[in-house]
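*Asks:* File name data18.cif; file contents mmCIF, C-alpha atoms; full text below.
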```
data_upload
loop_
_atom_site.label_atom_id
_atom_site.label_comp_id
_atom_site.auth_asym_id
_atom_site.auth_seq_id
_atom_site.Cartn_x
_atom_site.Cartn_y
_atom_site.Cartn_z
CA MET Z 1 6.37 -16.75 27.98
CA THR Z 2 3.88 -14.21 26.83
CA ARG Z 3 0.40 -15.61 26.57
CA ALA Z 4 -2.22 -15.34 23.83
CA THR Z 5 -5.78 -16.08 24.83
CA ALA Z 6 -8.13 -18.12 22.72
CA THR Z 7 -11.50 -16.77 21.77
CA THR Z 8 -14.19 -18.29 23.94
CA ARG Z 9 -17.00 -17.87 21.41
CA ARG Z 10 -15.72 -20.65 19.17
CA PRO Z 11 -14.37 -23.59 21.10
CA THR Z 12 -12.64 -25.06 18.04
CA VAL Z 13 -10.35 -22.05 17.88
CA THR Z 14 -7.04 -22.06 19.66
CA ALA Z 15 -4.39 -19.40 19.79
CA THR Z 16 -0.76 -19.73 20.85
CA TRP Z 17 2.13 -17.43 21.44
CA THR Z 18 3.50 -18.58 18.08
CA ALA Z 19 0.24 -17.58 16.41
CA ALA Z 20 0.40 -14.20 18.12
CA ARG Z 21 3.96 -13.68 16.91
CA TRP Z 22 3.06 -14.56 13.34
CA THR Z 23 0.11 -12.19 13.56
CA ALA Z 24 2.41 -9.42 14.79
CA LEU Z 25 4.80 -10.14 11.92
CA CYS Z 26 1.87 -10.01 9.52
CA ALA Z 27 0.87 -6.61 10.92
CA VAL Z 28 4.44 -5.32 10.55
CA ALA Z 29 4.62 -6.61 6.96
CA TYR Z 30 1.22 -5.10 6.16
CA ASN Z 31 2.11 -1.70 7.59
CA VAL Z 32 5.50 -1.56 5.89
CA MET Z 33 4.69 -3.08 2.50
CA HIS Z 34 1.43 -1.16 2.09
CA HIS Z 35 3.34 2.09 2.42
CA LEU Z 36 6.06 1.30 -0.11
CA GLY Z 37 4.51 3.85 -2.45
CA ALA Z 38 5.52 6.57 0.00
CA LEU Z 39 9.23 5.92 -0.47
CA PRO Z 40 10.82 8.93 -2.17
CA GLY Z 41 11.06 8.47 -5.91
CA GLY Z 42 10.36 4.79 -5.55
CA LEU Z 43 14.08 4.44 -4.58
CA GLY Z 44 15.08 5.41 -8.10
CA SER Z 45 15.11 3.77 -11.50
CA ALA Z 46 15.74 0.04 -11.78
CA GLY Z 47 15.82 -0.01 -15.56
CA GLY Z 48 13.20 -1.08 -18.06
CA GLY Z 49 10.93 1.74 -16.94
CA THR Z 50 10.60 0.32 -13.44
CA ARG Z 51 11.58 1.63 -10.01
CA TRP Z 52 13.36 -0.35 -7.30
CA VAL Z 53 10.27 -0.20 -5.16
CA ASP Z 54 8.32 -2.13 -7.81
CA TRP Z 55 10.69 -5.07 -7.42
CA ILE Z 56 10.57 -4.94 -3.63
CA ASP Z 57 6.79 -4.83 -3.92
CA LEU Z 58 6.83 -8.26 -5.59
CA LEU Z 59 7.51 -9.63 -2.09
CA THR Z 60 4.40 -8.04 -0.55
CA PRO Z 61 2.00 -11.00 -1.02
CA TYR Z 62 4.48 -13.44 0.50
CA ALA Z 63 5.28 -11.16 3.42
CA VAL Z 64 1.64 -10.37 4.25
CA ALA Z 65 -0.41 -13.40 3.18
CA GLY Z 66 2.42 -15.80 4.04
CA THR Z 67 2.64 -14.63 7.65
CA ALA Z 68 -1.17 -14.57 7.95
CA LEU Z 69 -1.37 -18.21 6.83
CA ALA Z 70 1.47 -19.14 9.18
CA ALA Z 71 -0.46 -17.54 12.05
CA LEU Z 72 -3.54 -19.55 11.16
CA ALA Z 73 -1.52 -22.76 10.97
CA ALA Z 74 -0.01 -22.04 14.38
CA ALA Z 75 -3.45 -21.28 15.81
CA GLY Z 76 -4.90 -24.48 14.34
CA THR Z 77 -7.81 -22.71 12.72
CA ASP Z 78 -10.86 -24.69 11.64
CA ARG Z 79 -11.94 -25.64 8.12
CA ARG Z 80 -14.06 -22.53 7.62
CA GLY Z 81 -11.14 -20.40 8.75
CA TRP Z 82 -8.86 -22.07 6.22
CA TRP Z 83 -11.25 -21.59 3.34
CA THR Z 84 -11.77 -17.95 4.25
CA ALA Z 85 -8.03 -17.46 4.46
CA LEU Z 86 -7.20 -19.32 1.25
CA VAL Z 87 -9.77 -17.41 -0.77
CA GLY Z 88 -8.58 -14.21 0.89
CA ALA Z 89 -4.94 -14.97 0.12
CA GLY Z 90 -5.76 -15.75 -3.51
CA VAL Z 91 -7.76 -12.57 -3.92
CA TYR Z 92 -5.05 -10.57 -2.14
CA VAL Z 93 -2.26 -11.93 -4.37
CA GLN Z 94 -4.25 -11.43 -7.55
CA GLY Z 95 -5.30 -7.86 -6.73
CA HIS Z 96 -1.80 -6.94 -5.72
CA GLY Z 97 -0.33 -8.35 -8.94
CA VAL Z 98 -2.90 -6.59 -11.09
CA HIS Z 99 -2.21 -3.33 -9.26
CA LEU Z 100 1.59 -3.64 -9.25
CA ALA Z 101 2.02 -3.98 -13.00
CA ALA Z 102 -0.57 -1.33 -13.84
CA ASN Z 103 0.84 1.10 -11.27
CA SER Z 104 4.37 0.64 -12.59
CA ILE Z 105 3.15 1.30 -16.12
CA SER Z 106 1.19 4.34 -14.98
CA ASN Z 107 4.33 5.81 -13.36
CA VAL Z 108 5.92 5.98 -16.82
CA ARG Z 109 3.03 6.30 -19.24
CA GLY Z 110 0.29 8.01 -17.21
CA ASP Z 111 -3.00 6.56 -16.08
CA ALA Z 112 -5.09 6.83 -19.24
CA ALA Z 113 -7.64 4.05 -19.79
CA PRO Z 114 -7.39 1.19 -19.16
CA THR Z 115 -4.40 1.70 -16.83
CA TYR Z 116 -6.43 3.52 -14.18
CA LEU Z 117 -9.05 0.76 -14.21
CA TRP Z 118 -6.50 -2.01 -13.59
CA ASP Z 119 -4.44 -0.07 -11.06
CA GLU Z 120 -6.86 1.93 -8.96
CA VAL Z 121 -10.19 0.21 -9.48
CA LEU Z 122 -9.81 -3.55 -10.06
CA GLY Z 123 -6.35 -3.79 -8.52
CA HIS Z 124 -7.08 -1.97 -5.28
CA TRP Z 125 -10.60 -3.30 -4.74
CA ILE Z 126 -9.56 -6.91 -5.27
CA TRP Z 127 -6.36 -6.49 -3.24
CA TYR Z 128 -8.06 -4.87 -0.25
CA ALA Z 129 -10.98 -7.30 -0.35
CA GLY Z 130 -8.41 -10.07 0.00
CA ALA Z 131 -6.79 -8.22 2.91
CA ALA Z 132 -10.19 -7.91 4.60
CA LEU Z 133 -10.83 -11.66 4.24
CA LEU Z 134 -7.43 -12.41 5.76
CA VAL Z 135 -8.26 -10.13 8.70
CA VAL Z 136 -11.57 -11.96 9.17
CA ALA Z 137 -9.80 -15.33 9.17
CA LEU Z 138 -7.18 -14.09 11.65
CA THR Z 139 -9.84 -12.56 13.87
CA ARG Z 140 -11.67 -15.89 14.13
CA ALA Z 141 -8.55 -17.77 15.14
CA VAL Z 142 -6.12 -15.52 16.96
CA ARG Z 143 -6.59 -13.05 19.76
CA PRO Z 144 -3.21 -11.76 20.90
CA ARG Z 145 -2.79 -10.35 24.35
CA VAL Z 146 -3.03 -6.56 24.67
CA THR Z 147 0.53 -5.29 25.05
CA PRO Z 148 2.18 -1.97 24.16
CA VAL Z 149 3.55 -3.56 20.99
CA GLY Z 150 0.12 -4.93 20.13
CA VAL Z 151 -1.48 -1.53 20.69
CA GLY Z 152 1.14 0.12 18.49
CA LEU Z 153 0.64 -2.41 15.72
CA ALA Z 154 -3.14 -2.14 15.95
CA LEU Z 155 -2.97 1.66 15.66
CA ALA Z 156 -0.54 1.40 12.75
CA THR Z 157 -2.84 -1.11 11.04
CA GLY Z 158 -5.79 1.24 11.44
CA LEU Z 159 -3.78 4.09 9.96
CA THR Z 160 -2.56 1.94 7.06
CA TRP Z 161 -6.09 0.76 6.30
CA THR Z 162 -7.15 4.43 6.28
CA THR Z 163 -4.33 5.80 4.10
CA ASN Z 164 -4.68 2.90 1.66
CA ALA Z 165 -8.43 3.49 1.44
CA LEU Z 166 -8.00 7.18 0.70
CA GLU Z 167 -5.11 6.87 -1.75
CA GLY Z 168 -6.48 3.70 -3.28
CA THR Z 169 -9.92 5.15 -4.04
CA THR Z 170 -11.65 2.40 -2.07
CA ALA Z 171 -12.75 4.65 0.79
CA VAL Z 172 -16.45 3.75 0.75
CA GLY Z 173 -15.83 0.00 0.70
CA SER Z 174 -12.97 0.26 3.18
CA LEU Z 175 -15.13 2.32 5.55
CA ALA Z 176 -17.86 -0.32 5.34
CA VAL Z 177 -15.30 -3.05 6.16
CA ALA Z 178 -13.89 -0.97 9.02
CA ILE Z 179 -17.38 -0.48 10.49
CA GLY Z 180 -18.15 -4.19 10.11
CA LEU Z 181 -14.90 -5.24 11.78
CA THR Z 182 -15.43 -2.67 14.54
CA ALA Z 183 -18.86 -4.14 15.26
CA THR Z 184 -17.40 -7.65 15.26
CA ALA Z 185 -14.61 -6.54 17.60
CA ALA Z 186 -17.12 -4.98 20.00
CA GLN Z 187 -19.23 -8.13 19.97
CA ARG Z 188 -16.21 -10.35 20.64
CA ARG Z 189 -14.55 -7.89 23.00
CA ASP Z 190 -11.44 -8.02 20.85
CA ARG Z 191 -9.72 -4.84 21.97
CA LEU Z 192 -6.86 -4.80 19.44
CA LEU Z 193 -9.22 -5.36 16.53
CA LEU Z 194 -11.50 -2.65 17.95
CA LEU Z 195 -8.58 -0.25 18.23
CA ALA Z 196 -7.37 -0.93 14.67
CA PHE Z 197 -10.63 -0.73 12.79
CA GLY Z 198 -12.45 1.61 15.15
CA THR Z 199 -9.65 4.10 14.60
CA SER Z 200 -9.86 3.59 10.86
CA ALA Z 201 -13.65 3.98 10.82
CA VAL Z 202 -13.46 7.22 12.80
CA LEU Z 203 -10.65 8.62 10.65
CA LEU Z 204 -12.36 7.73 7.37
CA ALA Z 205 -15.73 9.06 8.49
CA THR Z 206 -14.15 12.29 9.75
CA TYR Z 207 -12.20 12.75 6.52
CA GLY Z 208 -15.32 12.13 4.46
CA LEU Z 209 -17.37 14.62 6.41
CA TYR Z 210 -14.63 17.26 6.38
CA TYR Z 211 -14.08 17.08 2.63
CA GLY Z 212 -17.63 16.16 1.68
CA GLY Z 213 -16.26 13.02 0.00
CA PHE Z 214 -13.05 11.06 -0.24
CA PRO Z 215 -10.59 12.91 -2.47
CA ALA Z 216 -7.20 11.18 -2.53
CA PRO Z 217 -4.74 13.15 -0.37
CA SER Z 218 -2.20 13.17 -3.20
CA THR Z 219 -4.64 15.03 -5.45
CA ARG Z 220 -5.26 17.80 -2.97
CA MET L 1 -15.90 -34.65 -6.26
CA SER L 2 -13.38 -37.47 -6.47
CA VAL L 3 -9.66 -36.89 -6.96
CA PRO L 4 -9.75 -37.86 -10.69
CA HIS L 5 -12.68 -35.50 -11.24
CA LEU L 6 -10.91 -32.65 -9.46
CA LEU L 7 -7.75 -33.25 -11.49
CA ALA L 8 -9.82 -33.26 -14.68
CA ALA L 9 -11.60 -30.05 -13.62
CA SER L 10 -8.29 -28.28 -12.99
CA THR L 11 -6.89 -29.56 -16.29
CA VAL L 12 -9.93 -28.49 -18.31
CA ALA L 13 -9.85 -25.09 -16.61
CA MET L 14 -6.14 -24.72 -17.38
CA VAL L 15 -6.71 -25.49 -21.05
CA LEU L 16 -9.80 -23.29 -21.44
CA THR L 17 -8.48 -20.26 -19.60
CA HIS L 18 -5.15 -20.36 -21.41
CA TRP L 19 -6.96 -20.16 -24.75
CA LEU L 20 -9.23 -17.27 -23.73
CA ARG L 21 -7.65 -14.98 -26.30
CA LEU L 22 -9.29 -17.00 -29.06
CA LEU L 23 -12.76 -16.11 -27.80
CA PRO L 24 -14.53 -13.64 -30.07
CA LEU L 25 -15.79 -11.65 -27.10
CA GLY L 26 -14.20 -8.52 -28.42
CA TYR L 27 -13.08 -5.15 -27.25
CA GLY L 28 -15.52 -2.74 -25.72
CA ALA L 29 -15.99 -3.69 -22.10
CA ALA L 30 -15.84 -0.94 -19.48
CA GLY L 31 -12.68 1.14 -19.25
CA GLU L 32 -11.39 0.27 -22.74
CA THR L 33 -10.80 -3.39 -22.03
CA ARG L 34 -11.73 -6.69 -23.63
CA TYR L 35 -14.47 -8.83 -22.14
CA GLU L 36 -12.08 -11.78 -21.95
CA ASP L 37 -9.85 -9.77 -19.61
CA PHE L 38 -12.61 -9.86 -17.03
CA VAL L 39 -13.21 -13.57 -17.62
CA ASP L 40 -9.46 -14.06 -17.17
CA LEU L 41 -9.76 -12.77 -13.60
CA LEU L 42 -11.25 -16.18 -12.78
CA THR L 43 -8.21 -18.13 -14.04
CA PRO L 44 -6.32 -18.56 -10.74
CA TYR L 45 -9.43 -19.78 -8.94
CA VAL L 46 -10.59 -22.32 -11.51
CA VAL L 47 -7.09 -23.70 -12.11
CA ALA L 48 -5.51 -23.64 -8.65
CA GLY L 49 -8.77 -24.14 -6.75
CA PRO L 50 -9.46 -27.75 -7.83
CA ALA L 51 -5.74 -28.56 -7.53
CA LEU L 52 -5.77 -27.45 -3.89
CA LEU L 53 -8.98 -29.38 -3.30
CA VAL L 54 -7.10 -32.49 -4.43
CA LEU L 55 -4.61 -31.90 -1.61
CA ALA L 56 -7.48 -31.53 0.84
CA ARG L 57 -9.00 -34.81 -0.40
CA VAL L 58 -5.77 -36.80 -0.04
CA GLY L 59 -4.96 -35.32 3.37
CA ALA L 60 -1.69 -33.69 2.35
CA SER L 61 0.93 -32.88 4.96
CA ARG L 62 1.58 -29.37 6.22
CA ARG L 63 4.83 -29.20 4.24
CA THR L 64 3.02 -30.23 1.05
CA TRP L 65 0.42 -27.53 1.66
CA ALA L 66 3.11 -24.92 2.22
CA VAL L 67 4.83 -25.69 -1.09
CA ALA L 68 1.52 -25.93 -2.95
CA LEU L 69 0.38 -22.57 -1.59
CA LEU L 70 3.70 -21.04 -2.60
CA GLY L 71 3.21 -22.40 -6.12
CA ALA L 72 -0.40 -21.22 -6.26
CA GLY L 73 0.70 -17.80 -4.99
CA VAL L 74 3.45 -17.40 -7.60
CA PHE L 75 1.04 -18.60 -10.32
CA THR L 76 -1.63 -16.11 -9.19
CA GLN L 77 0.83 -13.26 -8.90
CA GLY L 78 2.31 -13.89 -12.34
CA GLN L 79 -1.12 -14.19 -13.91
CA GLY L 80 -2.22 -10.94 -12.26
CA LEU L 81 0.87 -9.06 -13.45
CA HIS L 82 0.36 -10.43 -16.94
CA LEU L 83 -3.37 -9.75 -17.04
CA SER L 84 -3.29 -6.05 -16.26
CA SER L 85 -0.20 -5.24 -18.32
CA ASN L 86 -1.49 -7.30 -21.26
CA ALA L 87 -4.81 -5.44 -21.16
CA ILE L 88 -2.95 -2.13 -21.10
CA SER L 89 -0.63 -3.23 -23.93
CA PHE L 90 -3.60 -4.22 -26.07
CA THR L 91 -4.98 -0.69 -25.87
CA SER L 92 -1.90 1.48 -25.81
CA GLY L 93 1.02 -0.66 -26.92
CA PRO L 94 3.73 -2.66 -25.17
CA ALA L 95 6.16 0.22 -24.53
CA ALA L 96 8.23 -0.07 -21.33
CA PRO L 97 7.52 -1.23 -18.76
CA ALA L 98 4.36 -2.99 -20.00
CA TYR L 99 6.27 -5.60 -22.01
CA LEU L 100 8.48 -6.38 -19.02
CA TRP L 101 5.57 -7.00 -16.61
CA ASP L 102 3.49 -8.88 -19.17
CA GLU L 103 5.88 -11.07 -21.13
CA GLN L 104 8.90 -11.35 -18.90
CA VAL L 105 8.05 -11.11 -15.22
CA GLY L 106 4.38 -12.08 -15.60
CA HIS L 107 4.80 -15.15 -17.79
CA HIS L 108 7.85 -16.51 -15.99
CA LEU L 109 6.22 -16.29 -12.56
CA TRP L 110 2.99 -17.70 -13.97
CA PHE L 111 4.61 -20.76 -15.57
CA GLY L 112 6.99 -21.29 -12.65
CA GLY L 113 4.18 -21.20 -10.10
CA LEU L 114 2.00 -23.53 -12.15
CA THR L 115 4.88 -25.99 -12.45
CA LEU L 116 5.51 -25.97 -8.71
CA LEU L 117 1.82 -26.54 -8.00
CA LEU L 118 1.71 -29.36 -10.56
CA VAL L 119 4.73 -31.11 -9.06
CA VAL L 120 3.21 -30.99 -5.58
CA VAL L 121 -0.13 -32.36 -6.79
CA VAL L 122 1.56 -35.14 -8.78
CA GLN L 123 3.64 -36.04 -5.74
CA ALA L 124 0.49 -36.18 -3.62
CA VAL L 125 -1.48 -38.43 -6.00
CA ARG L 126 1.35 -40.55 -7.44
CA SER L 127 0.42 -43.66 -5.49
CA ARG L 128 -3.26 -43.45 -6.43
CA PRO L 129 -4.52 -45.41 -9.41
CA LEU L 130 -5.71 -42.86 -11.96
CA PRO L 131 -7.80 -44.00 -14.91
CA LEU L 132 -5.77 -43.94 -18.13
CA GLY L 133 -8.73 -43.94 -20.50
CA PRO L 134 -9.32 -41.87 -23.62
CA VAL L 135 -10.46 -38.83 -21.60
CA ALA L 136 -7.27 -38.76 -19.52
CA LEU L 137 -5.10 -39.19 -22.61
CA ALA L 138 -7.01 -36.48 -24.48
CA LEU L 139 -6.69 -34.06 -21.56
CA ALA L 140 -2.97 -34.80 -21.24
CA SER L 141 -2.52 -34.11 -24.96
CA LEU L 142 -4.49 -30.86 -24.70
CA VAL L 143 -2.35 -29.70 -21.80
CA GLY L 144 0.79 -30.53 -23.80
CA LEU L 145 -0.50 -28.50 -26.73
CA THR L 146 -1.53 -25.65 -24.43
CA TRP L 147 1.84 -25.60 -22.67
CA ALA L 148 3.68 -25.43 -26.00
CA ALA L 149 1.41 -22.67 -27.31
CA ASN L 150 1.77 -20.70 -24.10
CA VAL L 151 5.53 -20.78 -23.89
CA ILE L 152 5.83 -19.80 -27.56
CA GLU L 153 3.20 -17.04 -27.49
CA GLY L 154 4.39 -16.02 -24.05
CA GLY L 155 7.96 -15.46 -25.26
CA ALA L 156 9.23 -17.90 -22.64
CA VAL L 157 10.52 -20.81 -24.73
CA PRO L 158 13.84 -21.46 -22.92
CA PHE L 159 12.19 -21.32 -19.50
CA GLY L 160 9.01 -23.16 -20.50
CA ALA L 161 10.88 -25.88 -22.38
CA THR L 162 13.24 -26.38 -19.44
CA LEU L 163 10.28 -26.77 -17.11
CA ALA L 164 8.66 -29.20 -19.56
CA ALA L 165 11.88 -31.24 -19.76
CA GLY L 166 12.04 -31.36 -15.97
CA LEU L 167 8.41 -32.42 -15.69
CA MET L 168 8.90 -35.09 -18.35
CA ALA L 169 11.93 -36.42 -16.49
CA TYR L 170 9.91 -36.46 -13.28
CA GLY L 171 7.14 -38.35 -15.07
CA TRP L 172 9.69 -40.85 -16.37
CA ARG L 173 10.81 -41.53 -12.79
CA LEU L 174 7.17 -42.26 -11.93
CA ARG L 175 6.45 -44.19 -15.13
CA ALA L 176 5.28 -47.23 -13.21
CA SER L 177 2.21 -45.20 -12.25
CA GLY L 178 -0.53 -43.79 -14.45
CA THR L 179 0.28 -40.30 -13.20
CA GLY L 180 3.87 -40.65 -14.38
CA ARG L 181 2.86 -41.86 -17.83
CA LEU L 182 0.41 -38.97 -18.23
CA LEU L 183 3.15 -36.55 -17.26
CA VAL L 184 5.52 -38.02 -19.86
CA LEU L 185 2.84 -37.80 -22.54
CA THR L 186 1.89 -34.22 -21.65
CA PHE L 187 5.32 -32.68 -21.50
CA GLY L 188 6.93 -34.92 -24.09
CA LEU L 189 4.28 -33.76 -26.55
CA SER L 190 4.85 -30.18 -25.47
CA LEU L 191 8.58 -30.47 -26.17
CA VAL L 192 8.01 -32.11 -29.54
CA LEU L 193 5.53 -29.41 -30.59
CA THR L 194 7.81 -26.60 -29.41
CA ALA L 195 10.81 -28.10 -31.24
CA ALA L 196 8.75 -28.68 -34.41
CA TYR L 197 7.57 -25.06 -34.37
CA GLY L 198 11.11 -23.81 -33.86
CA GLY L 199 12.40 -25.96 -36.73
CA TRP L 200 9.58 -24.86 -39.01
CA GLN L 201 9.91 -21.14 -38.27
CA GLY L 202 13.69 -21.11 -37.81
CA GLY L 203 13.15 -19.65 -34.33
CA PHE L 204 10.29 -18.90 -32.01
CA PRO L 205 8.33 -15.90 -33.31
CA GLN L 206 5.14 -15.39 -31.35
CA PRO L 207 2.07 -16.46 -33.36
CA SER L 208 0.54 -13.03 -32.68
CA GLU L 209 3.57 -11.44 -34.37
CA LEU L 210 2.81 -13.57 -37.41
CA GLY L 211 -0.78 -12.32 -37.41
CA TRP L 212 -2.24 -15.68 -36.42
CA LEU L 213 -3.91 -14.35 -33.25
#
```
Kindly return the structure encoded in the file as C-alpha cells.

*Replies:*
Amino acid sequence: MTRATATTRRPTVTATWTAARWTALCAVAYNVMHHLGALPGGLGSAGGGTRWVDWIDLLTPYAVAGTALAALAAAGTDRRGWWTALVGAGVYVQGHGVHLAANSISNVRGDAAPTYLWDEVLGHWIWYAGAALLVVALTRAVRPRVTPVGVGLALATGLTWTTNALEGTTAVGSLAVAIGLTATAAQRRDRLLLLAFGTSAVLLATYGLYYGGFPAPSTR
Amino acid sequence: MSVPHLLAASTVAMVLTHWLRLLPLGYGAAGETRYEDFVDLLTPYVVAGPALLVLARVGASRRTWAVALLGAGVFTQGQGLHLSSNAISFTSGPAAPAYLWDEQVGHHLWFGGLTLLLVVVVQAVRSRPLPLGPVALALASLVGLTWAANVIEGGAVPFGATLAAGLMAYGWRLRASGTGRLLVLTFGLSLVLTAAYGGWQGGFPQPSELGWL
C-alpha cells in the first residue's frame, strides 16, 4: 500500500492513504473543472441561452469541495482545520455560483455592468478565496507522498492556479496567495505544495514583469 | 450558544435575509448594483452557519454531517446563482438566460438545499425538548409566511408547496415532540397562505408583477 506521511509539526494531524487519494481526486477535479471554460464553444447550445458546459459546471463545487472535505474527513483533521475548510467550502460554492450565472449571461448578453462585476470581480475573487482556504485546510492535514502522479498533479495545480488568476482578473491576489503558500510549503518542507504554488508564483511574477501588468491572455 | 438559541438565530436570519428586497437601501452601489445585493452575500453564512453549529453542538454523526453539508452546498449554490442573475436582471432585464438562472435553477436549488438542511437539523434535534413558548411560535409563523412569500415571488409554487407538504408530513410524524409541532405549524401555515393567495388571485402571479414589490 502506498504510504502518506503525516505532518510532524502538528501532532493532532494524521494522514492516510485514503486521505491522499481523496486529495489526488480533488486535484484532478480542480484541474479539470477549472478549465471547463476552455472547451470549444462551451460544447454547444443547451437551450435557454445556455451552453452545455454551464450545466456541467454546476457539478464543480461538489467535485472540488466535496473531495477536499472527504480528504479532511479521512485525515481526521482537527477542529480548526474543519472550520477553515467549512468556511472555505462555503465561500468556494458561493463564488462559483455567482460567477456561473453571471458568466452564462455574459456569453449571451455581453459583460456590461453589473454583469462584469458579478462574474469577474465578486465571482472570481470569492470563488478563488474559497479555493485558497480549502488548500490551507488540506495542507494542514494531508501530506501525500511524492510520486510521479503527485508531481504531475502538483504541476497541473500550479498551472491551473496561474491560468485562472490571469483569465479571472485576480492575478495580484492569486500571486499573493501563491507566495504565501510557497513560504508555508518551504517552512513545512512540503515538496508537492512547494512545487504547485512555487511554480504558480514564478509564472505569475514572470508574466507580470513581461507584460508590465496582468492582462488576461484572452484579451491579447 | 445553546441549541435553541442557535436554531432561533438561523430562523431569524432566514426570515430577515429572505425579505431583504423590502429594504429601502436603493440602487446606486458600485457597479450598478443595489446595496441589498451586497448584504445578500451574507445570507448563506448567517442561515446555514448557525444550523451547522447546531450539528456540532449535538455531536452529529459523520453521515448526518455529509447530508447537511450537501444541503448547505446546494442552498449556497442556488442562492449564489440567484443573487448574481437577479442583480443583472434588475439592471438590464430578465432576458435569457438571466431568468433561467435566477428564477428556475437558482430558486429551485436554493429551496431544495434549504429543505435538505432543515430536515437534517430537525432529525438531529428531534429528541431534544425545545421550548414551545410565544417566541418559538412567532418564529415558526414567520418562517411559514416567508416560505409562502418566497415560493410565490420565486415562481416556484409547485416545487415549494411540495416541499412544504413533505415537511409538514414529516412534522406530523414527529408531532409528539415540540420540534414536530413547530414543523407542522410552519409548513401548514405556508401551505394555507399559498393556497389562499392562489384562490384569491386565480393563480400565482408574482407580487412584483403586480407592482407590490

*Asks:* Counting all atoms listed in the file, which residues of chain L come no farther than 6 Å from chain Z, as a list in words?

*Replies:*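 Filtering chain L at 6 Å from chain Z with all atoms listed in the file gives Gly31, Glu32, Thr76, Gln77, Gly80, Leu81, Ser84, Ser85, Ile88, Ala96, Pro97, Ala98 and Trp101 of chain L.
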
*Asks:* On this structure, the PyMOL selection byres ((chain L and resi 116-122) around 7) would catch which residues? List them as an MDAnalysis selection string, sorted by chain and number.

*Replies:* chainID L and resid 51 55 64 68 71:72 112:115 123:126 179

*Asks:* When you draw a straight line from CA of Thr139 in chain Z to CA of Phe214 in chain Z, how long is it in Å?

*Replies:* 27.7 Å

*Asks:* For Ala48 in chain L, which residue out of L:Ser61, L:Ser177, L:Thr17, L:Gln104 is the nearest one, using only C-alpha atoms?

*Replies:*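 Using only C-alpha atoms, Ala48 in chain L sits closest to L:Thr17.
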
*Asks:* Could you spell out the hits of the PyMOL selection byres ((chain Z and resi 22) around 9) on the shown file, as a list of chain:residue names?

*Replies:*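 In the shown coordinates, the PyMOL selection byres ((chain Z and resi 22) around 9) covers Z:Trp17, Z:Thr18, Z:Ala19, Z:Ala20, Z:Arg21, Z:Thr23, Z:Ala24, Z:Leu25, Z:Cys26, Z:Ala27, Z:Thr67, Z:Ala68, Z:Leu69, Z:Ala70, Z:Ala71, Z:Leu72, Z:Ala74.
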
*Asks:* Can you tell me how far CA of Gln187 in chain Z sits from CA of Thr199 in chain Z, in Å to one decimal?

*Replies:*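 Distance reported for this atom pair: 16.4 Å.
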
*Asks:* Work out how far apart CA of Val15 in chain L and CA of Ala66 in chain L are and give it in Å to one decimal.

*Replies:*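 Computed distance, CA of Val15 in chain L to CA of Ala66 in chain L, equals 25.3 Å.
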
*Asks:* Name the residues captured by the PyMOL selection byres ((chain Z and resi 161) around 10) when it is applied to the shown file; answer as a list in words.

*Replies:*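 Written out, the selection comes to Tyr30, Asn31, His34, Tyr128, Ala131, Ala132, Leu155, Ala156, Thr157, Gly158, Leu159, Thr160, Thr162, Thr163, Asn164, Ala165, Leu166, Ala171, Ser174, Leu175, Val177, Ala178, Ala196, Phe197, Thr199, Ser200, Ala201 and Leu204 of chain Z.
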
*Asks:* Point out the residue among Z:Ala141, Z:Pro217, Z:Val151, Z:His124 with the least atom-to-atom distance to Gly173 in chain Z, counting only C-alpha atoms.

*Replies:*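 Checking each of Z:Ala141, Z:Pro217, Z:Val151, Z:His124 against Gly173 in chain Z, counting only C-alpha atoms, the winner is Z:His124.
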
*Asks:* Select, from L:Leu210, L:Gly28, L:Leu145, L:Leu189, the residue with the minimum atom-to-atom distance to Leu16 in chain L, counting only C-alpha atoms.

*Replies:* L:Leu145

*Asks:* List every protein, DNA or RNA residue with an atom no more than 12 Å from (9.2, -23.6, -32.4) in the file's coordinates, counting only C-alpha atoms, and format the result as a PyMOL selection string.

*Replies:* chain L and resi 148-153+155-158+160-161+190-207

*Asks:* Taking all atoms listed in the file into account, which of L:Leu142, L:Leu83, L:Leu132, L:Val184 comes nearest Leu42 in chain L?

*Replies:*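 The closest residue to Leu42 in chain L is L:Leu83.
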